[in-house]
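Working notes, beginning with the structure itself.
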Amino acid sequence: MKTLQPAFFLFVFVPLVKSAPPIQQEPFKFYDYDTDVTMGSLSHQDYEIQSKDIKKDATNVSLDTALRLQGDDSERSVKPTKDTNLPTCLLCVCLSGSVYCEEIDIEAVPPLPKETAYLYARFNKIKRIAVSDFADITTLRRIDFSGNRIEEIEDGAFSKLLLLEELSLAENRLVKLPVLPPKLTTFNANQNRIKSRGIKANAFKKLTNLAYLYLGHNALESVPLNLPESLRILHLQYNNITTITDDTFCKSNNTRYIRTRMDEIRMEGNPILLAKHVNAFSCLRTLPVGTYY
């Protein structure tokens with residue numbers, strides 16, 4: 001009975017094993033094929049997208065190049081400064097008729113837009129002012145060159161500036177004054193090296209609008225002559241003034257003359273005793289600030 005059991009199992013199961021179909025690999029192959037096709041189509045799509053991107057980039061590059069060239073052309077239309085390769089309004093700040101070129105170490109006056117009314121070029125290294133600097137700029141009303149190294153100003157540098165009202169040349173190295181424009185109201189030349197021989201006798205006579213004149217901390221030996229009637233404030237402190245005449249501020253031949261507009265005169269720091277020159281101040285409403293004894 002024991003020998004019949006194995007034979008029975010073989011007789012029943014062997015036909016079943018033989019009748020089992022072979023394992024199908026098609027789905028597997030289909031998956032591989034589908035993957036390849038998908039990757040291939042993706043690669044093809046990527047190629048098309050990349051091609052379009054390249055064309056688009058090329059278009060962008062050409063547009064950028066064109067814009068850049070246009071920008072270059074517009075920049076070329078603005079004159080560069082004399083000591084740099086940058087146009088003035090890139091080196092300085094240009095705003096509504098005002099040009100600010102402060103503390104940028106320029107050594108010459110930059111070319112200015114023709115509509116410039118206010119120029120601030122303080123604390124630079126400018127050494128010289130030429131006639132050509134303002135030859136085409138007739139709209140200037142205020143110029144400030146304080147804190148430079150100016151030693152020379154060409155004759156006539158300011159002669160065409162008929163609208164100029166305020167001019168500051170303070171803290172420079174001037175030994176003489178230039179010819180000043182006729183409508184000037186404020187002139188500041190404090191802290192230079194100006195001597196009396198560096199100021200012409202009629203330097204201020206025709207400046208009928210001049211109200212504020214600052215010549216302190218220089219090397220003047222006397223008060224400038226022919227000061228205009230319009231003058232309100234005069235600063236002459238810390239010079240080398242040793243003499244004053246009766247005609248310096250007043251008119252010796254007219255005892256009734258009063259200088260009505262003069263509000264302040266500073267003369268402290270000069271080697272002169274003002275008490276010895278009382279008649280020189282008889283036409284003034286207030287005495288000058290200075291040493292009296």
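Letters for chains follow the order of the structure tokens (A, B, ...), residue numbers begin at 1 for each chain, and ligand numbers begin at 1 in the order shown.
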Where in stretch 57-290 of chain A does DSSP assign helix (DSSP H, G or I), given as an mmCIF file with all heavy atoms, in the first residue's frame?
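Here's the written file states.cif:
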data_model
loop_
_atom_site.group_PDB
_atom_site.id
_atom_site.type_symbol
_atom_site.label_atom_id
_atom_site.label_comp_id
_atom_site.auth_asym_id
_atom_site.auth_seq_id
_atom_site.Cartn_x
_atom_site.Cartn_y
_atom_site.Cartn_z
ATOM 1 N N ASP A 57 16.632 82.632 -26.993
ATOM 2 C CA ASP A 57 17.802 83.277 -26.400
ATOM 3 C C ASP A 57 18.532 84.115 -27.421
ATOM 4 O O ASP A 57 19.031 85.198 -27.123
ATOM 5 C CB ASP A 57 18.746 82.216 -25.804
ATOM 6 C CG ASP A 57 18.135 81.569 -24.571
ATOM 7 O OD1 ASP A 57 17.216 82.169 -23.989
ATOM 8 O OD2 ASP A 57 18.594 80.468 -24.204
ATOM 9 N N ALA A 58 18.632 83.580 -28.620
ATOM 10 C CA ALA A 58 19.310 84.333 -29.674
ATOM 11 C C ALA A 58 18.573 85.623 -29.954
ATOM 12 O O ALA A 58 19.171 86.682 -30.140
ATOM 13 C CB ALA A 58 19.401 83.484 -30.950
ATOM 14 N N THR A 59 17.224 85.547 -29.947
ATOM 15 C CA THR A 59 16.430 86.760 -30.154
ATOM 16 C C THR A 59 16.657 87.748 -29.026
ATOM 17 O O THR A 59 16.829 88.940 -29.238
ATOM 18 C CB THR A 59 14.942 86.400 -30.234
ATOM 19 O OG1 THR A 59 14.748 85.438 -31.266
ATOM 20 C CG2 THR A 59 14.105 87.644 -30.534
ATOM 21 N N ASN A 60 16.664 87.212 -27.767
ATOM 22 C CA ASN A 60 16.896 88.083 -26.616
ATOM 23 C C ASN A 60 18.270 88.720 -26.677
ATOM 24 O O ASN A 60 18.444 89.882 -26.359
ATOM 25 C CB ASN A 60 16.743 87.291 -25.311
ATOM 26 C CG ASN A 60 15.298 86.883 -25.077
ATOM 27 O OD1 ASN A 60 14.402 87.511 -25.607
ATOM 28 N ND2 ASN A 60 15.099 85.839 -24.290
ATOM 29 N N VAL A 61 19.270 87.927 -27.055
ATOM 30 C CA VAL A 61 20.629 88.450 -27.152
ATOM 31 C C VAL A 61 20.702 89.556 -28.187
ATOM 32 O O VAL A 61 21.312 90.601 -27.973
ATOM 33 C CB VAL A 61 21.626 87.316 -27.498
ATOM 34 C CG1 VAL A 61 22.981 87.900 -27.860
ATOM 35 C CG2 VAL A 61 21.752 86.362 -26.314
ATOM 36 N N SER A 62 20.048 89.324 -29.331
ATOM 37 C CA SER A 62 20.097 90.341 -30.372
ATOM 38 C C SER A 62 19.390 91.607 -29.911
ATOM 39 O O SER A 62 19.853 92.716 -30.170
ATOM 40 C CB SER A 62 19.445 89.815 -31.658
ATOM 41 O OG SER A 62 18.081 89.496 -31.425
ATOM 42 N N LEU A 63 18.243 91.439 -29.166
ATOM 43 C CA LEU A 63 17.555 92.610 -28.654
ATOM 44 C C LEU A 63 18.392 93.327 -27.610
ATOM 45 O O LEU A 63 18.497 94.554 -27.609
ATOM 46 C CB LEU A 63 16.217 92.180 -28.032
ATOM 47 C CG LEU A 63 15.131 91.768 -29.023
ATOM 48 C CD1 LEU A 63 13.916 91.228 -28.274
ATOM 49 C CD2 LEU A 63 14.717 92.946 -29.901
ATOM 50 N N ASP A 64 19.004 92.522 -26.710
ATOM 51 C CA ASP A 64 19.867 93.129 -25.695
ATOM 52 C C ASP A 64 21.021 93.868 -26.334
ATOM 53 O O ASP A 64 21.409 94.953 -25.905
ATOM 54 C CB ASP A 64 20.407 92.058 -24.734
ATOM 55 C CG ASP A 64 19.289 91.491 -23.861
ATOM 56 O OD1 ASP A 64 18.232 92.151 -23.772
ATOM 57 O OD2 ASP A 64 19.481 90.401 -23.302
ATOM 58 N N THR A 65 21.593 93.239 -27.362
ATOM 59 C CA THR A 65 22.724 93.878 -28.042
ATOM 60 C C THR A 65 22.288 95.185 -28.682
ATOM 61 O O THR A 65 22.995 96.198 -28.590
ATOM 62 C CB THR A 65 23.290 92.931 -29.118
ATOM 63 O OG1 THR A 65 23.637 91.698 -28.513
ATOM 64 C CG2 THR A 65 24.514 93.558 -29.783
ATOM 65 N N ALA A 66 21.103 95.160 -29.312
ATOM 66 C CA ALA A 66 20.610 96.374 -29.957
ATOM 67 C C ALA A 66 20.363 97.475 -28.931
ATOM 68 O O ALA A 66 20.735 98.624 -29.126
ATOM 69 C CB ALA A 66 19.315 96.070 -30.718
ATOM 70 N N LEU A 67 19.736 97.072 -27.795
ATOM 71 C CA LEU A 67 19.495 98.055 -26.753
ATOM 72 C C LEU A 67 20.782 98.602 -26.179
ATOM 73 O O LEU A 67 20.912 99.787 -25.891
ATOM 74 C CB LEU A 67 18.658 97.421 -25.631
ATOM 75 C CG LEU A 67 17.199 97.112 -25.986
ATOM 76 C CD1 LEU A 67 16.547 96.328 -24.859
ATOM 77 C CD2 LEU A 67 16.437 98.399 -26.255
ATOM 78 N N ARG A 68 21.762 97.692 -26.026
ATOM 79 C CA ARG A 68 23.044 98.125 -25.501
ATOM 80 C C ARG A 68 23.725 99.097 -26.444
ATOM 81 O O ARG A 68 24.324 100.092 -26.048
ATOM 82 C CB ARG A 68 23.931 96.911 -25.230
ATOM 83 C CG ARG A 68 25.160 97.241 -24.381
ATOM 84 C CD ARG A 68 25.974 95.996 -24.096
ATOM 85 N NE ARG A 68 25.229 95.024 -23.321
ATOM 86 C CZ ARG A 68 24.844 93.852 -23.787
ATOM 87 N NH1 ARG A 68 25.127 93.501 -25.029
ATOM 88 N NH2 ARG A 68 24.163 93.030 -23.033
ATOM 89 N N LEU A 69 23.635 98.806 -27.707
ATOM 90 C CA LEU A 69 24.230 99.698 -28.689
ATOM 91 C C LEU A 69 23.527 101.046 -28.690
ATOM 92 O O LEU A 69 24.167 102.093 -28.800
ATOM 93 C CB LEU A 69 24.161 99.061 -30.089
ATOM 94 C CG LEU A 69 25.087 97.857 -30.312
ATOM 95 C CD1 LEU A 69 24.816 97.239 -31.672
ATOM 96 C CD2 LEU A 69 26.547 98.268 -30.186
ATOM 97 N N GLN A 70 22.192 101.012 -28.551
ATOM 98 C CA GLN A 70 21.473 102.261 -28.472
ATOM 99 C C GLN A 70 21.883 103.043 -27.238
ATOM 100 O O GLN A 70 22.055 104.250 -27.282
ATOM 101 C CB GLN A 70 19.965 101.997 -28.426
ATOM 102 C CG GLN A 70 19.400 101.483 -29.749
ATOM 103 C CD GLN A 70 17.924 101.160 -29.633
ATOM 104 O OE1 GLN A 70 17.329 101.332 -28.574
ATOM 105 N NE2 GLN A 70 17.345 100.699 -30.717
ATOM 106 N N GLY A 71 22.048 102.326 -26.116
ATOM 107 C CA GLY A 71 22.507 102.985 -24.903
ATOM 108 C C GLY A 71 23.885 103.587 -25.084
ATOM 109 O O GLY A 71 24.169 104.684 -24.628
ATOM 110 N N ASP A 72 24.757 102.829 -25.767
ATOM 111 C CA ASP A 72 26.094 103.351 -26.015
ATOM 112 C C ASP A 72 26.038 104.610 -26.854
ATOM 113 O O ASP A 72 26.776 105.567 -26.623
ATOM 114 C CB ASP A 72 26.953 102.287 -26.724
ATOM 115 C CG ASP A 72 27.244 101.113 -25.795
ATOM 116 O OD1 ASP A 72 27.073 101.292 -24.573
ATOM 117 O OD2 ASP A 72 27.618 100.035 -26.288
ATOM 118 N N ASP A 73 25.143 104.612 -27.855
ATOM 119 C CA ASP A 73 25.024 105.789 -28.702
ATOM 120 C C ASP A 73 24.553 106.988 -27.908
ATOM 121 O O ASP A 73 25.040 108.101 -28.089
ATOM 122 C CB ASP A 73 24.048 105.511 -29.853
ATOM 123 C CG ASP A 73 24.631 104.533 -30.858
ATOM 124 O OD1 ASP A 73 25.874 104.400 -30.908
ATOM 125 O OD2 ASP A 73 23.847 103.918 -31.592
ATOM 126 N N SER A 74 23.572 106.757 -26.976
ATOM 127 C CA SER A 74 23.080 107.870 -26.176
ATOM 128 C C SER A 74 24.148 108.374 -25.229
ATOM 129 O O SER A 74 24.234 109.557 -24.936
ATOM 130 C CB SER A 74 21.837 107.438 -25.390
ATOM 131 O OG SER A 74 22.170 106.418 -24.465
ATOM 132 N N GLU A 75 24.983 107.451 -24.732
ATOM 133 C CA GLU A 75 26.047 107.882 -23.831
ATOM 134 C C GLU A 75 27.119 108.650 -24.585
ATOM 135 O O GLU A 75 27.718 109.569 -24.051
ATOM 136 C CB GLU A 75 26.672 106.673 -23.134
ATOM 137 C CG GLU A 75 25.759 106.038 -22.114
ATOM 138 C CD GLU A 75 26.398 104.845 -21.451
ATOM 139 O OE1 GLU A 75 27.565 104.558 -21.756
ATOM 140 O OE2 GLU A 75 25.719 104.201 -20.647
ATOM 141 N N ARG A 76 27.331 108.270 -25.847
ATOM 142 C CA ARG A 76 28.342 108.986 -26.608
ATOM 143 C C ARG A 76 27.925 110.427 -26.875
ATOM 144 O O ARG A 76 28.752 111.293 -27.101
ATOM 145 C CB ARG A 76 28.586 108.266 -27.940
ATOM 146 C CG ARG A 76 29.319 106.936 -27.791
ATOM 147 C CD ARG A 76 29.781 106.421 -29.141
ATOM 148 N NE ARG A 76 30.185 105.033 -29.061
ATOM 149 C CZ ARG A 76 29.432 104.016 -29.447
ATOM 150 N NH1 ARG A 76 28.223 104.239 -29.948
ATOM 151 N NH2 ARG A 76 29.859 102.779 -29.346
ATOM 152 N N THR A 88 29.401 113.355 -17.682
ATOM 153 C CA THR A 88 29.248 114.137 -16.463
ATOM 154 C C THR A 88 28.103 113.645 -15.591
ATOM 155 O O THR A 88 28.239 113.525 -14.380
ATOM 156 C CB THR A 88 29.031 115.623 -16.822
ATOM 157 O OG1 THR A 88 30.175 116.086 -17.535
ATOM 158 C CG2 THR A 88 28.832 116.460 -15.577
ATOM 159 N N CYS A 89 26.948 113.336 -16.200
ATOM 160 C CA CYS A 89 25.774 112.966 -15.418
ATOM 161 C C CYS A 89 25.800 111.513 -14.943
ATOM 162 O O CYS A 89 24.852 111.057 -14.303
ATOM 163 C CB CYS A 89 24.506 113.263 -16.204
ATOM 164 S SG CYS A 89 24.208 115.043 -16.384
ATOM 165 N N LEU A 90 26.861 110.781 -15.252
ATOM 166 C CA LEU A 90 27.105 109.488 -14.622
ATOM 167 C C LEU A 90 28.109 109.642 -13.487
ATOM 168 O O LEU A 90 28.012 108.988 -12.461
ATOM 169 C CB LEU A 90 27.621 108.473 -15.647
ATOM 170 C CG LEU A 90 26.615 108.001 -16.697
ATOM 171 C CD1 LEU A 90 27.271 106.985 -17.623
ATOM 172 C CD2 LEU A 90 25.393 107.370 -16.045
ATOM 173 N N LEU A 91 29.074 110.534 -13.698
ATOM 174 C CA LEU A 91 30.066 110.802 -12.664
ATOM 175 C C LEU A 91 29.461 111.654 -11.547
ATOM 176 O O LEU A 91 29.713 111.426 -10.365
ATOM 177 C CB LEU A 91 31.269 111.514 -13.283
ATOM 178 C CG LEU A 91 32.429 111.853 -12.359
ATOM 179 C CD1 LEU A 91 33.109 110.577 -11.878
ATOM 180 C CD2 LEU A 91 33.445 112.749 -13.069
ATOM 181 N N VAL A 131 38.352 129.792 -19.387
ATOM 182 C CA VAL A 131 37.241 130.473 -20.057
ATOM 183 C C VAL A 131 36.316 129.461 -20.720
ATOM 184 O O VAL A 131 35.089 129.615 -20.714
ATOM 185 C CB VAL A 131 37.786 131.474 -21.099
ATOM 186 C CG1 VAL A 131 36.647 132.079 -21.906
ATOM 187 C CG2 VAL A 131 38.584 132.575 -20.406
ATOM 188 N N SER A 132 36.893 128.419 -21.264
ATOM 189 C CA SER A 132 36.109 127.414 -21.991
ATOM 190 C C SER A 132 35.184 126.603 -21.081
ATOM 191 O O SER A 132 34.232 125.981 -21.556
ATOM 192 C CB SER A 132 37.043 126.459 -22.737
ATOM 193 O OG SER A 132 37.927 125.817 -21.830
ATOM 194 N N ASP A 133 35.441 126.617 -19.776
ATOM 195 C CA ASP A 133 34.614 125.823 -18.853
ATOM 196 C C ASP A 133 33.158 126.274 -18.844
ATOM 197 O O ASP A 133 32.252 125.457 -18.638
ATOM 198 C CB ASP A 133 35.188 125.900 -17.440
ATOM 199 C CG ASP A 133 36.507 125.164 -17.311
ATOM 200 O OD1 ASP A 133 36.733 124.221 -18.093
ATOM 201 O OD2 ASP A 133 37.312 125.531 -16.436
ATOM 202 N N SER A 196 46.216 142.339 -1.124
ATOM 203 C CA SER A 196 45.540 143.536 -1.627
ATOM 204 C C SER A 196 45.875 143.818 -3.084
ATOM 205 O O SER A 196 45.017 144.275 -3.843
ATOM 206 C CB SER A 196 45.904 144.745 -0.755
ATOM 207 O OG SER A 196 45.331 144.587 0.540
ATOM 208 N N ARG A 197 47.093 143.543 -3.482
ATOM 209 C CA ARG A 197 47.464 143.777 -4.883
ATOM 210 C C ARG A 197 46.779 142.791 -5.831
ATOM 211 O O ARG A 197 46.795 142.995 -7.047
ATOM 212 C CB ARG A 197 48.983 143.706 -5.055
ATOM 213 C CG ARG A 197 49.598 142.354 -4.778
ATOM 214 C CD ARG A 197 51.079 142.355 -5.146
ATOM 215 N NE ARG A 197 51.729 141.088 -4.877
ATOM 216 C CZ ARG A 197 52.361 140.787 -3.756
ATOM 217 N NH1 ARG A 197 52.413 141.681 -2.758
ATOM 218 N NH2 ARG A 197 52.933 139.606 -3.581
ATOM 219 N N GLY A 198 46.186 141.779 -5.288
ATOM 220 C CA GLY A 198 45.460 140.822 -6.116
ATOM 221 C C GLY A 198 44.005 141.198 -6.354
ATOM 222 O O GLY A 198 43.272 140.448 -7.006
ATOM 223 N N LEU A 274 41.124 149.740 15.966
ATOM 224 C CA LEU A 274 40.039 150.465 15.308
ATOM 225 C C LEU A 274 39.730 151.782 16.012
ATOM 226 O O LEU A 274 39.201 152.720 15.387
ATOM 227 C CB LEU A 274 38.788 149.589 15.253
ATOM 228 C CG LEU A 274 38.928 148.266 14.474
ATOM 229 C CD1 LEU A 274 37.608 147.506 14.483
ATOM 230 C CD2 LEU A 274 39.389 148.511 13.055
ATOM 231 N N ALA A 275 40.040 151.890 17.286
ATOM 232 C CA ALA A 275 39.765 153.126 18.036
ATOM 233 C C ALA A 275 40.551 154.312 17.490
ATOM 234 O O ALA A 275 40.168 155.467 17.705
ATOM 235 C CB ALA A 275 40.085 152.914 19.516
ATOM 236 N N LYS A 276 41.616 154.068 16.783
ATOM 237 C CA LYS A 276 42.428 155.140 16.210
ATOM 238 C C LYS A 276 41.834 155.683 14.902
ATOM 239 O O LYS A 276 42.356 156.640 14.334
ATOM 240 C CB LYS A 276 43.849 154.641 15.957
ATOM 241 C CG LYS A 276 44.630 154.323 17.227
ATOM 242 C CD LYS A 276 46.045 153.890 16.877
ATOM 243 C CE LYS A 276 46.856 153.606 18.129
ATOM 244 N NZ LYS A 276 48.259 153.213 17.809
ATOM 245 N N HIS A 277 40.755 155.060 14.445
ATOM 246 C CA HIS A 277 40.186 155.450 13.150
ATOM 247 C C HIS A 277 38.679 155.667 13.291
ATOM 248 O O HIS A 277 37.877 155.144 12.526
ATOM 249 C CB HIS A 277 40.466 154.362 12.106
ATOM 250 C CG HIS A 277 41.907 154.013 11.974
ATOM 251 N ND1 HIS A 277 42.779 154.715 11.175
ATOM 252 C CD2 HIS A 277 42.649 153.040 12.573
ATOM 253 C CE1 HIS A 277 43.982 154.183 11.241
ATOM 254 N NE2 HIS A 277 43.929 153.158 12.095
ATOM 255 N N VAL A 278 38.293 156.471 14.270
ATOM 256 C CA VAL A 278 36.888 156.700 14.568
ATOM 257 C C VAL A 278 36.153 157.330 13.397
ATOM 258 O O VAL A 278 35.015 156.966 13.078
ATOM 259 C CB VAL A 278 36.747 157.583 15.829
ATOM 260 C CG1 VAL A 278 35.269 157.872 16.100
ATOM 261 C CG2 VAL A 278 37.377 156.912 17.033
ATOM 262 N N ASN A 279 36.786 158.267 12.729
ATOM 263 C CA ASN A 279 36.130 158.967 11.622
ATOM 264 C C ASN A 279 35.829 158.025 10.448
ATOM 265 O O ASN A 279 34.962 158.315 9.629
ATOM 266 C CB ASN A 279 37.006 160.122 11.142
ATOM 267 C CG ASN A 279 37.095 161.238 12.166
ATOM 268 O OD1 ASN A 279 36.180 161.400 12.989
ATOM 269 N ND2 ASN A 279 38.190 161.993 12.140
ATOM 270 N N ALA A 280 36.547 156.920 10.380
ATOM 271 C CA ALA A 280 36.334 155.978 9.286
ATOM 272 C C ALA A 280 34.996 155.254 9.409
ATOM 273 O O ALA A 280 34.501 154.683 8.427
ATOM 274 C CB ALA A 280 37.470 154.968 9.247
ATOM 275 N N PHE A 281 34.375 155.324 10.607
ATOM 276 C CA PHE A 281 33.124 154.603 10.839
ATOM 277 C C PHE A 281 31.948 155.550 11.093
ATOM 278 O O PHE A 281 30.877 155.106 11.490
ATOM 279 C CB PHE A 281 33.275 153.660 12.033
ATOM 280 C CG PHE A 281 34.533 152.841 12.002
ATOM 281 C CD1 PHE A 281 35.378 152.817 13.104
ATOM 282 C CD2 PHE A 281 34.877 152.109 10.876
ATOM 283 C CE1 PHE A 281 36.539 152.066 13.084
ATOM 284 C CE2 PHE A 281 36.047 151.361 10.847
ATOM 285 C CZ PHE A 281 36.880 151.340 11.947
#
Please extract the residues of stretch 117-238 of chain A with a backbone DSSP assignment of strand (DSSP E or B) and present them as a ChimeraX atom specification.
/A:118-120,128-129,142-144,152-153,166-168,186-188,212-214,222,233-235
Generate a file of the selected residues that holds C-alpha atoms, formatted as a compact mmCIF listing (two decimals), in the first residue's frame.
# COMPACT_ATOMS: atom_id res chain seq x y z
CA TYR A 118 23.37 125.38 -10.18
CA LEU A 119 26.81 123.78 -9.99
CA TYR A 120 28.14 122.28 -6.77
CA ARG A 128 42.34 125.82 -12.65
CA ILE A 129 39.24 127.42 -14.14
CA ARG A 142 25.05 129.62 -8.54
CA ILE A 143 28.55 128.10 -8.55
CA ASP A 144 30.28 126.57 -5.54
CA GLU A 152 44.42 130.21 -11.31
CA ILE A 153 41.26 131.57 -12.92
CA GLU A 166 26.20 133.44 -6.10
CA LEU A 167 29.85 132.43 -6.41
CA SER A 168 31.92 130.62 -3.80
CA THR A 186 27.03 136.86 -2.89
CA PHE A 187 30.77 136.33 -3.26
CA ASN A 188 32.75 134.09 -0.92
CA TYR A 212 27.40 139.64 0.89
CA LEU A 213 31.18 139.80 0.55
CA TYR A 214 33.38 137.30 2.39
CA SER A 222 43.97 146.98 3.42
CA ILE A 233 27.69 142.12 5.20
CA LEU A 234 31.47 142.41 4.85
CA HIS A 235 33.84 139.88 6.40
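Shell of A:Ser159 at 8 Å, with only C-alpha atoms counted and residues fewer than 5 places along the chain excluded, is A:Val179, A:Leu180, A:Pro181.
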Export of prior selection with N, CA and C atoms as a PDB file, in the first residue's frame:
ATOM      1  N   VAL A 179      37.763 138.714 -12.635  1.00  0.00           N
ATOM      2  CA  VAL A 179      36.707 139.684 -12.933  1.00  0.00           C
ATOM      3  C   VAL A 179      35.374 139.008 -12.634  1.00  0.00           C
ATOM      4  N   LEU A 180      34.551 139.690 -11.855  1.00  0.00           N
ATOM      5  CA  LEU A 180      33.313 139.093 -11.379  1.00  0.00           C
ATOM      6  C   LEU A 180      32.124 139.523 -12.238  1.00  0.00           C
ATOM      7  N   PRO A 181      31.130 138.639 -12.411  1.00  0.00           N
ATOM      8  CA  PRO A 181      29.955 138.965 -13.229  1.00  0.00           C
ATOM      9  C   PRO A 181      29.106 140.055 -12.583  1.00  0.00           C
TER      10      PRO A 181
END
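Look at A:Leu207: the protein and nucleic acid residues within 9 Å of it, using only C-alpha atoms and passing over chain neighbours fewer than 3 places away, are Leu180, Pro181, Pro182, Lys183, Leu184, Thr185, Ala203, Phe204, Leu210, Leu227, Pro228 and Ser230 of chain A.
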Writing out the chosen residues with N, CA, C and O atoms as a compact mmCIF listing (two decimals), in the first residue's frame:
# COMPACT_ATOMS: atom_id res chain seq x y z
N LEU A 180 34.55 139.69 -11.85
CA LEU A 180 33.31 139.09 -11.38
C LEU A 180 32.12 139.52 -12.24
O LEU A 180 32.10 140.65 -12.75
N PRO A 181 31.13 138.64 -12.41
CA PRO A 181 29.95 138.96 -13.23
C PRO A 181 29.11 140.06 -12.58
O PRO A 181 29.09 140.19 -11.36
N PRO A 182 28.37 140.83 -13.37
CA PRO A 182 27.73 142.06 -12.89
C PRO A 182 26.55 141.88 -11.93
O PRO A 182 26.27 142.77 -11.14
N LYS A 183 25.84 140.74 -11.99
CA LYS A 183 24.65 140.57 -11.17
C LYS A 183 24.90 139.79 -9.88
O LYS A 183 23.98 139.36 -9.20
N LEU A 184 26.15 139.66 -9.51
CA LEU A 184 26.51 138.89 -8.32
C LEU A 184 25.91 139.52 -7.06
O LEU A 184 26.01 140.73 -6.84
N THR A 185 25.30 138.70 -6.22
CA THR A 185 24.78 139.16 -4.93
C THR A 185 25.61 138.64 -3.77
O THR A 185 25.67 139.28 -2.71
N ALA A 203 37.24 146.46 -8.56
CA ALA A 203 36.78 145.07 -8.65
C ALA A 203 35.31 144.92 -8.25
O ALA A 203 34.57 144.11 -8.80
N PHE A 204 34.87 145.74 -7.27
CA PHE A 204 33.50 145.63 -6.74
C PHE A 204 32.62 146.83 -7.08
O PHE A 204 31.41 146.81 -6.80
N LEU A 210 25.62 143.43 -5.20
CA LEU A 210 26.42 142.67 -4.24
C LEU A 210 26.01 143.03 -2.82
O LEU A 210 26.12 144.19 -2.39
N LEU A 227 33.76 149.97 -2.42
CA LEU A 227 32.74 148.98 -2.08
C LEU A 227 31.36 149.51 -2.46
O LEU A 227 31.04 150.68 -2.22
N PRO A 228 30.50 148.68 -3.07
CA PRO A 228 29.20 149.17 -3.55
C PRO A 228 28.23 149.50 -2.41
O PRO A 228 28.33 148.96 -1.31
N SER A 230 25.26 148.68 -2.14
CA SER A 230 24.34 147.56 -1.87
C SER A 230 24.85 146.62 -0.78
O SER A 230 24.09 145.77 -0.29
For each of A:Asn270, A:Thr260, A:Asn218, A:Ser146, take the minimum atom-to-atom distance to A:Thr243, counting only C-alpha atoms, then give the residue where this is smallest.
A:Asn270
